[in-house]
file start-v6.cif (mmCIF, C-alpha atoms and all ligand atoms)
data_structure
#
loop_
_atom_site.label_atom_id
_atom_site.label_comp_id
_atom_site.auth_asym_id
_atom_site.auth_seq_id
_atom_site.Cartn_x
_atom_site.Cartn_y
_atom_site.Cartn_z
CA MET A 10 -40.74 -21.44 59.85
CA ASN A 11 -42.11 -21.12 56.38
CA SER A 12 -45.48 -19.48 56.82
CA LEU A 13 -46.45 -15.85 56.83
CA MET A 14 -46.93 -14.49 60.33
CA VAL A 15 -49.84 -12.12 60.35
CA GLY A 16 -50.78 -10.14 63.45
CA VAL A 17 -52.77 -7.00 64.15
CA SER A 18 -49.57 -4.92 64.19
CA GLY A 19 -48.18 -6.16 60.89
CA VAL A 20 -47.04 -9.04 58.76
CA ARG A 21 -43.69 -10.79 58.67
CA GLY A 22 -42.07 -13.70 56.92
CA ILE A 23 -38.89 -15.10 55.45
CA VAL A 24 -37.82 -13.23 52.33
CA GLY A 25 -38.39 -15.27 49.18
CA GLU A 26 -40.43 -17.88 51.03
CA ALA A 27 -43.62 -16.62 52.66
CA LEU A 28 -42.76 -12.97 52.14
CA VAL A 29 -42.77 -12.20 48.41
CA PRO A 30 -43.59 -8.96 46.53
CA GLU A 31 -47.12 -10.08 45.57
CA VAL A 32 -48.03 -10.50 49.23
CA VAL A 33 -46.45 -7.16 50.14
CA ALA A 34 -48.30 -5.38 47.29
CA LYS A 35 -51.61 -6.86 48.41
CA PHE A 36 -51.11 -5.85 52.04
CA SER A 37 -50.15 -2.37 50.88
CA ALA A 38 -53.25 -2.12 48.67
CA ALA A 39 -55.36 -3.19 51.64
CA PHE A 40 -53.73 -0.43 53.68
CA GLY A 41 -54.48 2.05 50.86
CA ARG A 42 -58.10 0.99 51.03
CA PHE A 43 -58.04 1.20 54.84
CA THR A 44 -56.75 4.80 54.76
CA GLN A 45 -59.15 5.82 51.96
CA LYS A 46 -56.63 7.02 49.35
CA GLY A 47 -54.58 8.91 51.91
CA MET A 48 -51.08 10.31 51.94
CA ILE A 49 -48.81 7.53 53.18
CA VAL A 50 -45.22 7.84 54.41
CA VAL A 51 -43.05 4.88 53.37
CA GLY A 52 -39.57 4.03 54.63
CA SER A 53 -37.42 1.08 55.59
CA ASP A 54 -34.47 -0.18 57.60
CA THR A 55 -31.27 -1.26 55.79
CA ARG A 56 -32.20 -4.85 54.82
CA THR A 57 -31.10 -5.91 51.33
CA SER A 58 -34.63 -7.09 50.54
CA ASN A 59 -36.07 -3.61 51.06
CA LYS A 60 -35.17 -2.39 47.61
CA MET A 61 -37.46 -5.12 46.27
CA PHE A 62 -40.31 -4.70 48.74
CA LYS A 63 -40.30 -0.91 48.54
CA TYR A 64 -41.62 -1.01 44.97
CA ALA A 65 -44.23 -3.57 45.91
CA VAL A 66 -45.43 -1.25 48.69
CA PHE A 67 -45.50 1.66 46.24
CA SER A 68 -47.48 -0.36 43.67
CA GLY A 69 -50.06 -1.50 46.18
CA LEU A 70 -50.57 2.01 47.56
CA LEU A 71 -50.66 3.72 44.14
CA SER A 72 -53.14 1.15 42.83
CA THR A 73 -55.63 2.28 45.47
CA GLY A 74 -55.19 6.00 44.84
CA CYS A 75 -52.76 6.86 47.64
CA GLU A 76 -50.14 9.59 47.48
CA ILE A 77 -46.70 8.49 48.71
CA VAL A 78 -43.99 10.25 50.66
CA ASP A 79 -40.81 8.20 50.35
CA VAL A 80 -38.51 8.94 53.30
CA GLY A 81 -36.01 6.23 52.33
CA VAL A 82 -33.89 4.40 54.86
CA CYS A 83 -34.51 5.56 58.42
CA PRO A 84 -35.26 4.18 61.88
CA THR A 85 -38.88 3.24 62.62
CA PRO A 86 -39.29 6.03 65.23
CA SER A 87 -37.98 8.61 62.70
CA LEU A 88 -40.64 7.50 60.23
CA GLN A 89 -43.33 7.59 62.91
CA LEU A 90 -42.42 11.20 63.68
CA MET A 91 -42.59 12.10 59.97
CA VAL A 92 -46.15 10.77 59.71
CA GLU A 93 -47.08 13.16 62.49
CA LYS A 94 -45.11 16.10 61.14
CA LEU A 95 -46.45 15.81 57.59
CA LYS A 96 -49.99 15.22 58.88
CA ALA A 97 -50.08 12.14 56.66
CA ASN A 98 -52.91 9.64 56.82
CA GLY A 99 -50.58 6.81 57.77
CA GLY A 100 -47.28 5.10 57.18
CA ILE A 101 -45.76 1.79 56.21
CA VAL A 102 -42.35 0.84 57.50
CA ILE A 103 -40.55 -2.07 55.88
CA THR A 104 -38.41 -3.56 58.63
CA GLY A 105 -37.65 -6.92 60.13
CA SER A 106 -36.77 -5.01 63.33
CA HIS A 107 -34.75 -7.31 65.62
CA ASN A 108 -35.16 -10.41 63.41
CA PRO A 109 -32.24 -11.89 61.44
CA ALA A 110 -31.53 -10.78 57.84
CA GLU A 111 -33.60 -13.53 56.21
CA TRP A 112 -36.73 -11.97 57.72
CA ASN A 113 -38.60 -8.87 56.74
CA ALA A 114 -41.92 -7.34 57.70
CA LEU A 115 -44.37 -4.51 57.20
CA LYS A 116 -45.63 -2.40 60.07
CA PHE A 117 -48.64 -0.17 59.63
CA ILE A 118 -48.84 3.27 61.17
CA ARG A 119 -51.79 5.52 62.03
CA SER A 120 -52.04 9.24 61.31
CA ASP A 121 -50.79 10.04 64.84
CA GLY A 122 -47.58 8.09 64.24
CA LEU A 123 -48.56 5.10 66.39
CA PHE A 124 -49.01 1.54 65.14
CA LEU A 125 -52.56 0.46 64.37
CA TYR A 126 -54.56 -0.16 67.52
CA PRO A 127 -55.59 -3.84 67.77
CA GLU A 128 -59.21 -3.22 66.74
CA GLN A 129 -58.00 -1.25 63.70
CA GLY A 130 -55.51 -3.99 62.90
CA LYS A 131 -58.38 -6.48 62.90
CA ARG A 132 -60.45 -4.34 60.55
CA PHE A 133 -57.42 -3.92 58.28
CA LEU A 134 -56.81 -7.67 58.17
CA GLN A 135 -60.46 -8.20 57.24
CA ILE A 136 -59.98 -5.91 54.25
CA TYR A 137 -56.90 -7.89 53.29
CA ALA A 138 -58.56 -11.27 53.64
CA LYS A 139 -62.11 -10.69 52.46
CA GLU A 140 -62.69 -7.59 50.41
CA ARG A 141 -62.21 -7.08 46.72
CA ILE A 142 -60.06 -4.00 46.91
CA PRO A 143 -61.18 -1.25 44.51
CA ARG A 144 -58.32 -0.02 42.29
CA VAL A 145 -58.03 3.35 40.59
CA LYS A 146 -57.84 3.78 36.80
CA TRP A 147 -55.00 5.40 34.86
CA ASP A 148 -56.08 8.91 35.82
CA GLY A 149 -56.26 8.08 39.53
CA ILE A 150 -52.54 7.38 39.99
CA ARG A 151 -50.99 9.97 42.30
CA GLU A 152 -47.45 11.14 43.02
CA ILE A 153 -44.44 9.73 44.88
CA HIS A 154 -42.60 12.54 46.68
CA GLN A 155 -39.04 12.08 47.89
CA ASN A 156 -38.40 13.46 51.36
CA THR A 157 -34.97 13.24 53.00
CA LEU A 158 -35.79 15.04 56.26
CA ALA A 159 -36.85 12.17 58.53
CA ILE A 160 -33.48 11.84 60.27
CA GLU A 161 -32.96 15.60 60.66
CA ASN A 162 -36.47 16.07 62.03
CA HIS A 163 -35.98 13.29 64.58
CA LEU A 164 -32.53 14.51 65.55
CA ASN A 165 -33.75 18.07 66.15
CA LYS A 166 -36.63 16.88 68.26
CA VAL A 167 -34.34 14.78 70.48
CA LEU A 168 -31.69 17.50 70.76
CA LYS A 169 -34.30 19.97 71.96
CA PHE A 170 -35.52 17.55 74.61
CA VAL A 171 -32.27 16.98 76.54
CA ASN A 172 -29.86 19.28 78.37
CA LYS A 173 -27.16 19.48 75.71
CA GLU A 174 -24.81 21.67 77.74
CA LYS A 175 -24.79 19.30 80.67
CA ILE A 176 -23.87 16.36 78.43
CA LYS A 177 -21.34 18.39 76.45
CA ASN A 178 -19.50 19.33 79.65
CA ARG A 179 -18.81 15.67 80.35
CA GLY A 180 -17.71 14.87 76.79
CA PHE A 181 -18.30 11.16 77.08
CA LYS A 182 -16.68 8.56 74.88
CA VAL A 183 -19.54 6.47 73.51
CA VAL A 184 -19.46 3.29 71.41
CA LEU A 185 -22.51 2.78 69.20
CA ASP A 186 -23.26 -0.62 67.67
CA ALA A 187 -25.97 -0.12 65.02
CA CYS A 188 -25.63 -3.68 63.69
CA ASN A 189 -25.37 -2.06 60.23
CA GLY A 190 -29.03 -1.10 60.60
CA ALA A 191 -30.89 2.20 60.28
CA GLY A 192 -29.61 3.53 63.61
CA ALA A 193 -26.23 4.03 61.90
CA LEU A 194 -27.71 7.02 60.09
CA ILE A 195 -28.71 8.93 63.20
CA SER A 196 -27.23 7.82 66.53
CA PRO A 197 -23.52 8.59 65.83
CA GLN A 198 -24.65 12.07 64.70
CA LEU A 199 -26.75 12.49 67.81
CA ILE A 200 -23.87 11.49 70.08
CA ARG A 201 -21.52 13.97 68.36
CA GLN A 202 -24.06 16.77 68.47
CA LEU A 203 -24.30 16.17 72.21
CA GLY A 204 -20.60 16.98 72.43
CA CYS A 205 -19.47 13.39 72.94
CA GLU A 206 -17.02 11.24 71.01
CA ALA A 207 -18.82 8.60 68.96
CA ILE A 208 -17.00 5.38 68.16
CA GLU A 209 -18.92 3.69 65.38
CA LEU A 210 -19.23 -0.08 65.49
CA ASN A 211 -21.18 -1.82 62.72
CA CYS A 212 -22.36 1.53 61.41
CA ARG A 213 -22.27 0.71 57.69
CA PRO A 214 -25.96 0.94 56.75
CA ASP A 215 -25.84 -1.93 54.25
CA GLY A 216 -28.06 -4.46 56.02
CA ILE A 217 -25.29 -7.05 56.25
CA PHE A 218 -25.67 -7.69 59.96
CA ALA A 219 -22.45 -8.25 61.86
CA HIS A 220 -24.34 -10.26 64.47
CA PRO A 221 -28.02 -11.13 64.97
CA PRO A 222 -29.72 -7.72 65.34
CA GLU A 223 -31.67 -8.43 68.51
CA PRO A 224 -29.94 -6.36 71.23
CA ILE A 225 -29.79 -9.18 73.77
CA PRO A 226 -26.65 -9.93 75.81
CA SER A 227 -25.51 -12.91 73.69
CA ASN A 228 -25.31 -10.62 70.62
CA LEU A 229 -23.33 -7.82 72.27
CA LYS A 230 -19.95 -9.43 72.99
CA GLN A 231 -18.20 -7.43 70.29
CA LEU A 232 -19.59 -4.18 71.70
CA SER A 233 -18.43 -5.15 75.17
CA GLU A 234 -14.89 -5.79 73.87
CA VAL A 235 -14.73 -2.48 72.00
CA VAL A 236 -16.01 -0.49 75.01
CA LYS A 237 -13.18 -2.01 77.08
CA THR A 238 -10.38 -1.60 74.53
CA GLU A 239 -11.42 1.98 73.76
CA GLY A 240 -11.82 2.86 77.44
CA ALA A 241 -15.28 4.25 76.63
CA ASP A 242 -17.77 5.54 79.20
CA ILE A 243 -20.70 3.57 77.80
CA GLY A 244 -21.77 1.42 74.85
CA PHE A 245 -25.17 1.36 73.16
CA ALA A 246 -26.62 -1.20 70.74
CA HIS A 247 -29.69 -0.88 68.51
CA ASP A 248 -31.70 -3.46 66.65
CA ALA A 249 -32.00 -2.97 62.86
CA ASP A 250 -34.71 -0.28 63.05
CA ALA A 251 -33.38 1.38 66.21
CA ASP A 252 -36.57 1.44 68.23
CA ARG A 253 -34.69 -0.52 70.88
CA VAL A 254 -31.44 0.14 72.73
CA ALA A 255 -29.29 -1.94 75.08
CA ILE A 256 -26.42 -0.79 77.28
CA VAL A 257 -22.86 -1.96 77.95
CA THR A 258 -21.12 -0.42 80.98
CA GLU A 259 -17.63 1.14 81.00
CA LYS A 260 -16.42 -2.17 82.49
CA GLY A 261 -17.76 -4.07 79.50
CA GLU A 262 -20.68 -5.57 81.44
CA ILE A 263 -23.62 -6.25 79.13
CA LEU A 264 -26.77 -5.10 80.90
CA PRO A 265 -30.01 -7.06 80.40
CA GLY A 266 -32.53 -5.28 78.13
CA GLU A 267 -34.75 -4.10 80.95
CA TYR A 268 -31.99 -1.85 82.33
CA SER A 269 -32.59 0.68 79.56
CA LEU A 270 -36.14 1.19 80.79
CA LEU A 271 -35.21 0.98 84.49
CA LEU A 272 -32.53 3.66 84.18
CA ALA A 273 -34.71 5.88 81.99
CA ALA A 274 -37.58 5.53 84.49
CA LYS A 275 -35.39 6.25 87.49
CA PHE A 276 -34.00 9.43 85.92
CA THR A 277 -37.39 10.61 84.66
CA LEU A 278 -39.20 9.99 87.95
CA SER A 279 -36.46 11.84 89.85
CA LYS A 280 -37.51 14.92 87.83
CA ARG A 281 -41.27 14.44 87.96
CA LYS A 282 -43.42 11.83 89.61
CA GLY A 283 -46.11 10.17 87.57
CA LEU A 284 -47.43 7.03 86.03
CA VAL A 285 -45.14 4.41 84.47
CA VAL A 286 -46.60 1.98 81.92
CA THR A 287 -45.16 -1.35 80.83
CA ASN A 288 -46.42 -4.81 79.86
CA LEU A 289 -47.20 -7.76 82.12
CA SER A 290 -43.91 -9.53 81.38
CA THR A 291 -41.55 -6.71 82.36
CA THR A 292 -39.45 -6.95 85.52
CA GLN A 293 -40.89 -6.04 88.91
CA ALA A 294 -37.73 -4.01 89.48
CA LEU A 295 -39.70 -1.28 87.71
CA ASP A 296 -42.30 -1.30 90.50
CA ASP A 297 -39.48 -0.95 93.05
CA VAL A 298 -38.03 2.02 91.14
CA ALA A 299 -41.47 3.67 90.87
CA ARG A 300 -42.13 3.15 94.57
CA GLU A 301 -38.89 4.94 95.40
CA PHE A 302 -40.45 8.06 93.87
CA SER A 303 -43.99 7.49 95.19
CA SER A 304 -45.12 6.62 91.68
CA SER A 305 -46.89 3.58 90.32
CA VAL A 306 -46.73 1.17 87.41
CA GLU A 307 -49.63 0.12 85.22
CA ARG A 308 -49.32 -3.01 83.12
CA THR A 309 -50.78 -3.82 79.73
CA LYS A 310 -51.09 -6.80 77.42
CA ILE A 311 -47.94 -7.76 75.51
CA GLY A 312 -47.33 -5.73 72.35
CA ASP A 313 -45.76 -2.29 72.24
CA ILE A 314 -48.89 -0.63 70.86
CA ASN A 315 -50.73 -1.52 74.07
CA VAL A 316 -48.06 0.27 76.10
CA SER A 317 -48.09 3.30 73.76
CA ARG A 318 -51.85 3.54 73.90
CA GLN A 319 -52.09 3.29 77.67
CA MET A 320 -49.34 5.88 78.08
CA LYS A 321 -51.13 8.29 75.78
CA GLU A 322 -54.54 7.77 77.37
CA LYS A 323 -53.28 7.97 80.95
CA LYS A 324 -50.63 10.65 80.38
CA ALA A 325 -47.79 8.52 81.72
CA VAL A 326 -44.39 10.18 82.26
CA ILE A 327 -42.32 7.23 81.02
CA GLY A 328 -42.86 3.70 79.83
CA GLY A 329 -41.74 0.93 77.56
CA GLU A 330 -40.80 -2.72 77.55
CA GLY A 331 -38.11 -4.91 79.06
CA ASN A 332 -36.60 -5.58 75.64
CA GLY A 333 -34.84 -2.21 75.45
CA GLY A 334 -37.88 -0.32 74.17
CA VAL A 335 -38.20 3.03 75.93
CA ILE A 336 -41.08 5.44 75.27
CA ILE A 337 -40.53 9.11 76.12
CA PRO A 338 -43.81 11.05 75.82
CA GLU A 339 -42.09 14.41 75.17
CA ILE A 340 -40.81 12.96 71.87
CA HIS A 341 -43.73 10.66 71.01
CA TYR A 342 -45.62 7.66 72.32
CA ALA A 343 -43.50 5.23 70.34
CA ARG A 344 -40.50 3.12 71.28
CA ASP A 345 -37.46 5.16 70.42
CA GLY A 346 -33.92 3.85 70.93
CA ILE A 347 -32.41 7.12 69.72
CA ALA A 348 -34.28 9.35 72.17
CA ALA A 349 -33.41 6.82 74.89
CA ILE A 350 -29.67 7.28 74.21
CA ALA A 351 -29.99 11.04 74.71
CA LEU A 352 -31.96 10.62 77.93
CA LEU A 353 -29.50 8.06 79.31
CA LEU A 354 -26.50 10.28 78.48
CA GLU A 355 -28.16 13.13 80.34
CA TYR A 356 -28.68 10.84 83.32
CA LEU A 357 -25.02 9.82 83.18
CA ALA A 358 -23.93 13.47 82.98
CA GLU A 359 -26.12 14.54 85.86
CA ALA A 360 -25.32 11.59 88.12
CA GLY A 361 -21.57 12.12 87.85
CA GLU A 362 -21.02 8.41 88.44
CA PRO A 363 -20.10 5.62 86.02
CA ILE A 364 -22.93 3.70 84.39
CA SER A 365 -21.84 0.47 86.13
CA LYS A 366 -22.46 2.17 89.48
CA LEU A 367 -25.90 3.44 88.44
CA ALA A 368 -26.82 -0.03 87.18
CA SER A 369 -25.56 -1.79 90.31
CA ARG A 370 -27.93 0.29 92.45
CA LEU A 371 -31.02 -0.97 90.66
CA PRO A 372 -33.03 -3.76 92.27
CA ARG A 373 -31.86 -7.11 90.90
CA TYR A 374 -34.15 -9.93 89.85
CA TYR A 375 -33.63 -12.99 87.69
CA MET A 376 -35.85 -14.04 84.84
CA VAL A 377 -36.41 -17.31 83.02
CA LYS A 378 -38.03 -16.94 79.59
CA LYS A 379 -38.92 -20.02 77.58
CA LYS A 380 -41.39 -21.12 74.95
CA LEU A 381 -43.13 -24.46 74.51
CA GLU A 382 -44.62 -25.82 71.35
CA PHE A 383 -48.40 -25.49 71.45
CA THR A 384 -50.34 -26.72 68.47
CA LYS A 385 -53.71 -27.30 70.17
CA GLY A 386 -54.64 -23.65 69.84
CA ASP A 387 -57.09 -23.64 72.76
CA PHE A 388 -55.56 -22.11 75.85
CA SER A 389 -58.71 -22.22 77.98
CA PRO A 390 -58.17 -25.69 79.59
CA ILE A 391 -54.76 -24.48 80.79
CA GLU A 392 -56.29 -21.27 82.08
CA THR A 393 -58.95 -23.23 83.97
CA ARG A 394 -56.33 -25.49 85.55
CA LEU A 395 -54.13 -22.54 86.60
CA ARG A 396 -57.13 -20.70 88.01
CA LYS A 397 -57.92 -23.71 90.20
CA GLU A 398 -54.35 -24.61 91.13
CA PHE A 399 -53.38 -21.07 92.20
CA LYS A 400 -56.71 -19.90 93.58
CA GLU A 401 -55.04 -18.66 96.76
CA GLU A 402 -52.70 -16.36 94.83
CA LYS A 403 -53.13 -13.04 93.06
CA LEU A 404 -54.10 -13.82 89.46
CA ASP A 405 -54.31 -11.60 86.40
CA PHE A 406 -56.07 -12.77 83.21
CA LEU A 407 -55.46 -9.70 81.02
CA ASP A 408 -53.12 -11.62 78.72
CA GLY A 409 -52.84 -15.34 79.42
CA VAL A 410 -52.38 -15.92 83.16
CA LYS A 411 -50.04 -14.03 85.45
CA ILE A 412 -49.57 -15.46 88.92
CA SER A 413 -48.06 -13.20 91.56
CA LEU A 414 -46.43 -15.17 94.35
CA LYS A 415 -44.57 -14.12 97.47
CA GLU A 416 -41.24 -15.17 95.96
CA GLY A 417 -41.82 -13.85 92.44
CA TRP A 418 -44.21 -14.24 89.51
CA ILE A 419 -45.13 -16.55 86.65
CA HIS A 420 -46.62 -15.36 83.36
CA ILE A 421 -47.99 -17.95 80.94
CA ARG A 422 -49.59 -16.93 77.66
CA PRO A 423 -50.22 -18.23 74.16
CA SER A 424 -48.27 -16.33 71.48
CA GLY A 425 -50.31 -14.20 69.09
CA THR A 426 -48.17 -15.06 66.07
CA GLU A 427 -46.59 -18.49 66.64
CA PRO A 428 -47.92 -21.89 67.79
CA VAL A 429 -46.14 -21.61 71.13
CA ILE A 430 -46.86 -20.86 74.76
CA ARG A 431 -44.52 -18.39 76.42
CA ILE A 432 -43.54 -18.87 80.03
CA ILE A 433 -41.73 -16.15 81.93
CA THR A 434 -40.85 -16.28 85.60
CA GLU A 435 -39.00 -13.84 87.81
CA ALA A 436 -37.59 -14.04 91.33
CA LYS A 437 -34.83 -12.67 93.55
CA THR A 438 -32.46 -15.52 92.71
CA ARG A 439 -31.76 -17.51 89.57
CA GLU A 440 -32.55 -20.78 91.36
CA LYS A 441 -35.92 -19.52 92.53
CA ALA A 442 -36.82 -18.27 89.05
CA GLU A 443 -35.90 -21.68 87.65
CA GLU A 444 -38.01 -23.35 90.38
CA LEU A 445 -41.00 -21.20 89.43
CA TYR A 446 -40.49 -22.18 85.81
CA GLN A 447 -40.54 -25.88 86.72
CA LEU A 448 -43.69 -25.26 88.74
CA ALA A 449 -45.34 -23.61 85.73
CA LEU A 450 -44.22 -26.42 83.45
CA ARG A 451 -45.80 -29.07 85.67
CA GLN A 452 -49.15 -27.29 85.41
CA ILE A 453 -49.07 -27.21 81.62
CA GLN A 454 -47.91 -30.71 80.80
MG MG B 1 -37.16 -2.91 66.35
#

call {"tool": "encode", "arguments": {"input": "start-v6.cif", "output": "structure tokens", "more": "lines below"}}
Ligand code: MG
result
Amino acid sequence: MNSLMVGVSGVRGIVGEALVPEVVAKFSAAFGRFTQKGMIVVGSDTRTSNKMFKYAVFSGLLSTGCEIVDVGVCPTPSLQLMVEKLKANGGIVITGSHNPAEWNALKFIRSDGLFLYPEQGKRFLQIYAKERIPRVKWDGIREIHQNTLAIENHLNKVLKFVNKEKIKNRGFKVVLDACNGAGALISPQLIRQLGCEAIELNCRPDGIFAHPPEPIPSNLKQLSEVVKTEGADIGFAHDADADRVAIVTEKGEILPGEYSLLLAAKFTLSKRKGLVVTNLSTTQALDDVAREFSSSVERTKIGDINVSRQMKEKKAVIGGEGNGGVIIPEIHYARDGIAAIALLLEYLAEAGEPISKLASRLPRYYMVKKKLEFTKGDFSPIETRLRKEFKEEKLDFLDGVKISLKEGWIHIRPSGTEPVIRIITEAKTREKAEELYQLALRQIQ
């Protein structure tokens, strides 16, 4: 895909095609305008294109009178914490996240370290698209400060949150696959400081990805092999900006992304009951886990900012997404793959059982996730048809249509950034999930 993908949470595109420095500078100037000449924290993952885009971000921000704190290469959650710590007016992180190396993106951060809320994102995009952005003159150009403390600050915060002694006593052997992304700069250190042995896999932070950076099972075969050959207790994999984490068991089994959240939720709720927040497309296994501890799950629209916001507003105890994004409120209301590693190691230490055993005890469901081309743009005729067809069932129209059935659920929604419709179904067996998918398909075509 050649075009720029612009959404309320940021902008992404293929480097050298839709995403070029001029575009990045203009978005950054619009953000400077949006934050009213504020102090902005800027950082990036390890992508090779970042050294080009970084200066475009600086130019755009400086041209609108912003002051810049350059935190260099660091994970997205580390940068988010720095925005909070420095009481900055916002942040820009240059990261293609889980996308392959040819992609890059900008994500825009509020003064509280969270991504722009959707209504703010809309206002920001209006500035970008419509306004003539006022620029400062020669005497309005402010400073760029270098700051190298983002990793240390994040590390200290996470180390304070978990029971270090308990983990240290177990001295786990842990393999960490950072996909040569920003997680390489922090997670091996974290694991060692927790008294464990860290075996580094793809921990050269040069942005040359050893495999596609999305931490989904098909990309984690190498990690699985290394966990087995090293006889490690557990393996973790990050995407390129380390806000996500996936798990490989000591047997080399690659756990689906939602297990990170399920295990984190189970451990957290065993300590204190409370609300769990996730999006509409995340496994119902989470509801089963919550029920076990007399707790409940609230669901939001798709998009991690919606989960963060709901967690903050409703004081949830844990939350996140099925893609390996775990949000731990004690650290911040942002997805944080690094904090999740610490929490999961504490769970492993306390449980005294191998990770494969802990995973096998979770409720098991099967999901089918597919997307269909959708160029018409108007979803409402489909919504009307689904509303009629499934009028006997429990329906949710918060984001597309979610149909809860006795044997599982179907979620159908138009994508916010691509001309596609996403269909996700889940059931107790793979066959049933596939059957539900076929049922959904028949309604759409
Ligand atoms: Mg990411």

call {"tool": "atom_distance", "arguments": {"input": "start-v6.cif", "atom1": "atom MG of ligand MG 1 (chain B)", "atom2": "CA of Arg253 in chain A"}}
result
5.7 Å

call {"tool": "residues_near_ligand", "arguments": {"input": "start-v6.cif", "ligand": "ligand MG 1 (chain B)", "cutoff": "6 Å", "atoms": "all atoms listed in the file", "output": "PyMOL selection string"}}
result
chain A and resi 106-107+248+250-253

call {"tool": "write_last_selection", "arguments": {"input": "start-v6.cif", "atoms": "C-alpha atoms", "output": "PDB file, in the frame of the given file"}}
result
ATOM      1  CA  SER A 106     -36.770  -5.010  63.330  1.00  0.00           C
ATOM      2  CA  HIS A 107     -34.750  -7.310  65.620  1.00  0.00           C
ATOM      3  CA  ASP A 248     -31.700  -3.460  66.650  1.00  0.00           C
ATOM      4  CA  ASP A 250     -34.710  -0.280  63.050  1.00  0.00           C
ATOM      5  CA  ALA A 251     -33.380   1.380  66.210  1.00  0.00           C
ATOM      6  CA  ASP A 252     -36.570   1.440  68.230  1.00  0.00           C
ATOM      7  CA  ARG A 253     -34.690  -0.520  70.880  1.00  0.00           C
TER       8      ARG A 253
END

call {"tool": "residues_around", "arguments": {"input": "start-v6.cif", "residues": "Ser365 in chain A", "least_positions_apart": "2", "cutoff": "12 Å", "atoms": "all atoms listed in the file", "output": "list of chain:residue names"}}
result
A:Asp242, A:Ile243, A:Gly244, A:Ile256, A:Val257, A:Thr258, A:Glu259, A:Lys260, A:Gly261, A:Glu262, A:Ile263, A:Leu264, A:Tyr268, A:Leu272, A:Leu357, A:Ala360, A:Gly361, A:Glu362, A:Pro363, A:Leu367, A:Ala368, A:Ser369, A:Arg370, A:Leu371

call {"tool": "closest_residue", "arguments": {"input": "start-v6.cif", "among": "A:Tyr356, A:Phe383, A:Tyr446, A:Phe218", "to": "Glu111 in chain A", "atoms": "all atoms listed in the file"}}
result
A:Phe218

call {"tool": "residues_around", "arguments": {"input": "start-v6.cif", "residues": "Gly81 in chain A", "least_positions_apart": "4", "cutoff": "12 Å", "atoms": "all atoms listed in the file", "output": "PyMOL selection string"}}
result
chain A and resi 50-56+59-60+63-64+77+85+87-88+91+101-104+153-160+191+194

call {"tool": "closest_residue", "arguments": {"input": "start-v6.cif", "among": "A:Leu284, A:Glu209, A:Ser290, A:Arg431", "to": "Lys324 in chain A", "atoms": "all atoms listed in the file"}}
result
A:Leu284

call {"tool": "closest_residue", "arguments": {"input": "start-v6.cif", "among": "A:Val335, A:Lys310, A:Val285, A:Ile350", "to": "Ala246 in chain A", "atoms": "only C-alpha atoms"}}
result
A:Ile350

call {"tool": "residues_around", "arguments": {"input": "start-v6.cif", "residues": "range 276-283 of chain A", "least_positions_apart": "4", "cutoff": "8 Å", "atoms": "only C-alpha atoms", "output": "list in words"}}
result
Leu272, Ala299, Phe302, Ser303, Ser304, Ser305, Ala325, Val326, Ile327 and Tyr356 of chain A

call {"tool": "write_last_selection", "arguments": {"input": "start-v6.cif", "atoms": "C-alpha atoms", "output": "PDB file, in the frame of the given file"}}
result
ATOM      1  CA  LEU A 272     -32.530   3.660  84.180  1.00  0.00           C
ATOM      2  CA  ALA A 299     -41.470   3.670  90.870  1.00  0.00           C
ATOM      3  CA  PHE A 302     -40.450   8.060  93.870  1.00  0.00           C
ATOM      4  CA  SER A 303     -43.990   7.490  95.190  1.00  0.00           C
ATOM      5  CA  SER A 304     -45.120   6.620  91.680  1.00  0.00           C
ATOM      6  CA  SER A 305     -46.890   3.580  90.320  1.00  0.00           C
ATOM      7  CA  ALA A 325     -47.790   8.520  81.720  1.00  0.00           C
ATOM      8  CA  VAL A 326     -44.390  10.180  82.260  1.00  0.00           C
ATOM      9  CA  ILE A 327     -42.320   7.230  81.020  1.00  0.00           C
ATOM     10  CA  TYR A 356     -28.680  10.840  83.320  1.00  0.00           C
TER      11      TYR A 356
END

call {"tool": "atom_distance", "arguments": {"input": "start-v6.cif", "atom1": "CA of Ile136 in chain A", "atom2": "CA of Glu31 in chain A"}}
result
16.1 Å

call {"tool": "atom_distance", "arguments": {"input": "start-v6.cif", "atom1": "CA of Thr287 in chain A", "atom2": "CA of Ile225 in chain A"}}
result
18.6 Å

call {"tool": "closest_residue", "arguments": {"input": "start-v6.cif", "among": "A:Lys379, A:Lys116, A:Lys131, A:Arg144", "to": "Thr73 in chain A", "atoms": "all atoms listed in the file"}}
result
A:Arg144
